[in-house]
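The data block below is coords_37.cif; it holds mmCIF, C-alpha atoms.
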data_final
#
loop_
_atom_site.label_atom_id
_atom_site.label_comp_id
_atom_site.auth_asym_id
_atom_site.auth_seq_id
_atom_site.Cartn_x
_atom_site.Cartn_y
_atom_site.Cartn_z
CA MET I 1 31.73 18.89 -50.18
CA SER I 2 29.25 19.73 -47.44
CA LEU I 3 31.08 17.45 -44.93
CA ARG I 4 34.30 19.41 -45.42
CA ILE I 5 32.51 22.64 -44.66
CA PHE I 6 30.85 21.08 -41.62
CA PHE I 7 34.14 19.84 -40.15
CA ARG I 8 35.94 23.12 -40.94
CA GLU I 9 33.24 25.12 -39.13
CA ARG I 10 33.29 22.69 -36.24
CA ARG I 11 37.07 23.03 -35.89
CA LYS I 12 36.73 26.83 -35.85
CA LEU I 13 34.12 26.62 -33.07
CA MET I 14 36.27 24.24 -31.02
CA ASN I 15 39.30 26.51 -31.33
CA ALA I 16 37.20 29.54 -30.41
CA SER I 17 35.80 27.86 -27.28
CA ARG I 18 39.33 26.83 -26.21
CA THR I 19 40.63 30.33 -26.49
CA GLN I 20 37.68 31.68 -24.50
CA THR I 21 38.12 29.20 -21.62
CA GLN I 22 41.90 29.66 -21.46
CA PHE I 23 41.46 32.95 -19.65
CA LEU I 24 38.84 31.72 -17.14
CA PRO I 25 39.82 30.37 -13.71
CA HIS I 26 40.06 26.57 -13.63
CA SER I 27 36.78 25.98 -11.70
CA GLN I 28 34.74 28.03 -14.17
CA SER I 29 36.15 26.30 -17.22
CA GLN I 30 34.89 22.87 -16.07
CA LEU I 31 31.48 21.89 -17.32
CA GLY I 32 29.28 19.33 -15.51
CA PHE I 33 29.98 17.35 -12.37
CA SER I 34 32.89 15.16 -11.45
CA LEU I 35 32.44 11.42 -10.97
CA PHE I 36 33.06 11.80 -7.24
CA GLU I 37 30.28 14.39 -6.90
CA LEU I 38 27.85 12.14 -8.75
CA LEU I 39 28.76 9.16 -6.55
CA VAL I 40 28.21 11.23 -3.39
CA VAL I 41 24.74 12.28 -4.57
CA VAL I 42 23.80 8.72 -5.55
CA GLY I 43 25.06 7.46 -2.17
CA LEU I 44 22.96 10.02 -0.31
CA LEU I 45 19.87 9.08 -2.31
CA ILE I 46 20.41 5.40 -1.44
CA VAL I 47 20.76 6.20 2.27
CA VAL I 48 17.55 8.28 2.22
CA ALA I 49 15.69 5.50 0.36
CA ILE I 50 16.88 2.85 2.85
CA TYR I 51 15.73 5.04 5.73
CA PHE I 52 12.27 5.92 4.37
CA TYR I 53 11.23 2.69 2.59
CA PRO I 54 10.23 0.75 5.75
CA GLN I 55 8.15 3.72 6.91
CA LEU I 56 6.43 3.89 3.53
CA GLU I 57 5.70 0.15 3.59
CA ALA I 58 4.28 0.37 7.13
CA LYS I 59 2.00 3.20 6.01
CA ARG I 60 0.78 1.12 3.06
CA GLN I 61 0.03 -1.81 5.38
CA THR I 62 -1.92 0.48 7.70
CA GLN I 63 -3.99 1.86 4.80
CA ARG I 64 -4.78 -1.64 3.53
CA ARG I 65 -5.72 -2.72 7.06
CA GLU I 66 -8.10 0.25 7.34
CA GLN I 67 -9.73 -0.82 4.05
CA ALA I 68 -10.24 -4.29 5.53
CA GLN I 69 -11.75 -2.80 8.70
CA VAL I 70 -14.25 -0.79 6.69
CA ALA I 71 -15.07 -3.89 4.60
CA LEU I 72 -15.63 -5.88 7.83
CA MET I 73 -18.01 -3.20 9.07
CA GLN I 74 -19.89 -3.26 5.77
CA LEU I 75 -20.13 -7.04 6.04
CA ALA I 76 -21.41 -6.66 9.63
CA GLN I 77 -24.11 -4.29 8.36
CA ALA I 78 -25.04 -6.78 5.60
CA MET I 79 -25.18 -9.56 8.23
CA ASP I 80 -27.56 -7.46 10.37
CA ASN I 81 -29.77 -6.81 7.35
CA PHE I 82 -29.67 -10.54 6.57
CA LYS I 83 -30.89 -11.35 10.10
CA ILE I 84 -33.71 -8.80 9.81
CA GLU I 85 -34.85 -10.49 6.58
CA ARG I 86 -34.39 -14.14 7.59
CA GLY I 87 -34.44 -14.14 11.39
CA THR I 88 -30.97 -15.72 11.68
CA TYR I 89 -27.37 -15.06 10.75
CA ALA I 90 -26.95 -18.67 9.56
CA GLY I 91 -26.79 -19.01 5.79
CA ALA I 92 -24.89 -15.80 5.10
CA ALA I 93 -21.87 -17.78 3.90
CA GLY I 94 -21.60 -19.97 0.83
CA SER I 95 -24.08 -18.83 -1.81
CA ALA I 96 -27.74 -17.89 -2.00
CA ALA I 97 -28.47 -21.31 -3.53
CA GLU I 98 -26.31 -23.20 -1.01
CA PRO I 99 -26.19 -21.25 2.25
CA LEU I 100 -23.54 -22.22 4.82
CA THR I 101 -22.83 -21.20 8.40
CA GLU I 102 -19.16 -20.47 7.70
CA GLY I 103 -16.94 -19.61 4.73
CA SER I 104 -16.93 -16.84 2.13
CA PRO I 105 -19.80 -14.37 2.37
CA TRP I 106 -22.15 -13.98 -0.58
CA LEU I 107 -23.67 -10.78 0.80
CA VAL I 108 -20.66 -8.61 -0.13
CA SER I 109 -17.43 -9.05 -2.08
CA SER I 110 -15.06 -11.36 -0.24
CA GLU I 111 -11.94 -9.58 -1.55
CA VAL I 112 -10.44 -6.36 -0.23
CA PRO I 113 -10.10 -4.16 -2.18
CA GLY I 114 -13.00 -5.41 -4.27
CA GLY I 115 -12.41 -5.75 -8.00
CA GLY I 116 -8.73 -4.78 -7.81
CA ALA I 117 -5.81 -6.53 -9.44
CA GLN I 118 -4.17 -7.26 -6.07
CA THR I 119 -6.17 -8.75 -3.17
CA TYR I 120 -4.83 -7.80 0.27
CA TYR I 121 -7.52 -9.37 2.47
CA ARG I 122 -10.14 -12.07 2.03
CA LEU I 123 -13.33 -11.79 4.09
CA ARG I 124 -14.56 -14.95 5.81
CA ILE I 125 -17.45 -15.77 8.09
CA GLY I 126 -15.99 -17.70 11.03
CA PHE I 127 -19.40 -18.78 12.27
CA ALA I 128 -22.99 -17.62 11.90
CA ASN I 129 -26.03 -18.87 13.82
CA GLU I 130 -29.27 -17.38 15.12
CA TYR I 131 -27.50 -15.66 18.04
CA GLY I 132 -24.46 -14.08 16.44
CA TYR I 133 -21.53 -14.29 14.08
CA GLU I 134 -17.84 -13.66 13.74
CA VAL I 135 -16.41 -12.24 10.51
CA ARG I 136 -12.72 -12.21 9.67
CA ALA I 137 -10.39 -10.37 7.32
CA VAL I 138 -7.56 -12.77 6.49
CA PRO I 139 -4.39 -11.12 5.06
CA MET I 140 -3.30 -12.16 1.56
CA GLY I 141 -0.37 -11.37 -0.75
CA GLU I 142 1.90 -8.55 0.43
CA GLN I 143 -0.31 -8.00 3.47
CA ILE I 144 0.71 -11.36 4.99
CA GLU I 145 3.74 -9.54 6.44
CA ASP I 146 1.42 -7.25 8.46
CA PRO I 147 2.13 -7.90 12.16
CA CYS I 148 -1.57 -7.48 13.05
CA GLY I 149 -2.55 -10.78 11.44
CA THR I 150 -6.24 -11.60 10.92
CA LEU I 151 -8.82 -8.99 11.96
CA THR I 152 -12.07 -10.18 13.54
CA LEU I 153 -15.43 -8.55 14.27
CA THR I 154 -18.44 -10.08 16.07
CA ALA I 155 -22.17 -9.36 16.05
CA LYS I 156 -21.70 -7.24 19.17
CA LEU I 157 -18.98 -5.27 17.33
CA ALA I 158 -16.23 -6.76 19.49
CA ARG I 159 -12.99 -6.26 17.62
CA GLY I 160 -10.16 -8.75 17.78
CA LEU I 161 -6.96 -10.14 16.28
CA VAL I 162 -5.83 -13.65 15.42
CA ASN I 163 -2.13 -14.49 14.90
CA ALA I 164 -0.85 -11.00 15.81
CA ARG I 165 2.96 -10.81 16.00
CA ASN I 166 5.53 -8.68 17.80
CA GLY I 167 3.23 -7.87 20.71
CA TYR I 168 0.67 -6.01 18.59
CA ARG I 169 -2.60 -5.42 20.43
CA ARG I 170 -6.11 -4.68 19.24
CA ALA I 171 -5.65 -0.96 19.94
CA ASP I 172 -2.55 -0.91 17.72
CA CYS I 173 -4.29 -2.52 14.76
CA TRP I 174 -7.90 -1.37 14.84
CA THR I 175 -7.59 2.25 13.77
CA VAL I 176 -11.12 2.96 12.50
CA PRO I 177 -12.95 4.75 15.35
CA GLU I 178 -15.63 2.81 17.25
CA GLU I 179 -18.14 5.60 16.62
CA LEU I 180 -17.77 5.00 12.88
CA ALA I 181 -18.19 1.28 13.42
CA THR I 182 -21.41 1.86 15.34
CA ILE I 183 -22.77 4.24 12.69
CA THR I 184 -21.76 1.93 9.84
CA SER I 185 -23.05 -1.27 11.38
CA ARG I 186 -26.31 -0.16 12.99
#

Once you've parsed the file, please lay out its structure as structure tokens.
Amino acid sequence: MSLRIFFRERRKLMNASRTQTQFLPHSQSQLGFSLFELLVVVGLLIVVAIYFYPQLEAKRQTQRREQAQVALMQLAQAMDNFKIERGTYAGAAGSAAEPLTEGSPWLVSSEVPGGGAQTYYRLRIGFANEYGYEVRAVPMGEQIEDPCGTLTLTAKLARGLVNARNGYRRADCWTVPEELATITSR
């Protein structure tokens, strides 16, 4: 019994709405958007996404590279502290039990960002002896596509690149100011 009442009331409402829209101009009686209008909006959104996605990805690569630069400077500071304690840079790689002159540092985390789910750079000690060292940030994962390649930093805070592509120079890739490097490392 209640279904009959429901459908009867529904039919009355439908008839009432038809009679109300009969007297409106055609454009006002349409509700919603046409399929063509929706396709135009979706097409515009796709064009905007295609245009802005490479810029967004380049910005992400730059931010990850800056994290690696800061991590290299922190490693340089740890290397300087290591030399003050031990009188040499040698032994900063490997582990405290088995010191090496090259490899992964045991002074700081070797992954950038440290403790994250995704590693974008791995820190390495290229060489370490009593006179100096070279530390490297080697790109990993999504960051391999970064045209700057491997970032390097020496005991004298000389910045460099290894395997840079597309004509990228040190000035293009090292974005952390030298003043900050000097303050951080000394």

- request: Apply the PyMOL selection byres ((chain I and resi 166-177) around 10) to the structure shown and report the selected residues as a PyMOL selection string.
  value: chain I and resi 62-63+65-67+69-70+73+146-149+151-152+159-165+178-182

Write out, as a Markdown table, each residue of segment 136-175 of chain I that has an atom at most 8 Å from segment 76-95 of chain I, together with the closest pair of atoms and their distance in Å to one decimal, counting all atoms listed in the file, rows going by chain and rising number.
| residue | atom | partner | partner_atom | distance |
| --- | --- | --- | --- | --- |
| I:Leu153 | CA | I:Ala76 | CA | 7.8 |
| I:Thr154 | CA | I:Ala76 | CA | 7.9 |
| I:Ala155 | CA | I:Ala76 | CA | 7.0 |

query: In Å, how far is it from atom CA of Tyr121 of chain I to atom CA of Leu157 of chain I?
result: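 Rounded to one decimal, the two atoms are 19.2 Å apart.
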
- request: Evaluate the PyMOL selection byres ((chain I and resi 143) around 9) on the structure here and hand back the selected residues as a PyMOL selection string.
  value: chain I and resi 61+64-65+119-121+139-142+144-146+149

Go ahead and write the residues just picked, C-alpha atoms, as a compact mmCIF listing (two decimals), in the frame of the given file.
# COMPACT_ATOMS: atom_id res chain seq x y z
CA GLN I 61 0.03 -1.81 5.38
CA ARG I 64 -4.78 -1.64 3.53
CA ARG I 65 -5.72 -2.72 7.06
CA THR I 119 -6.17 -8.75 -3.17
CA TYR I 120 -4.83 -7.80 0.27
CA TYR I 121 -7.52 -9.37 2.47
CA PRO I 139 -4.39 -11.12 5.06
CA MET I 140 -3.30 -12.16 1.56
CA GLY I 141 -0.37 -11.37 -0.75
CA GLU I 142 1.90 -8.55 0.43
CA ILE I 144 0.71 -11.36 4.99
CA GLU I 145 3.74 -9.54 6.44
CA ASP I 146 1.42 -7.25 8.46
CA GLY I 149 -2.55 -10.78 11.44

query: Can you tell me how far atom CA of Ala71 of chain I sits from atom CA of Ala137 of chain I, in Å to one decimal?
result: 8.4 Å

task: Between atom CA of Thr150 of chain I and atom CA of Tyr53 of chain I, measure the distance and give it in Å to one decimal.
output: 24.1 Å
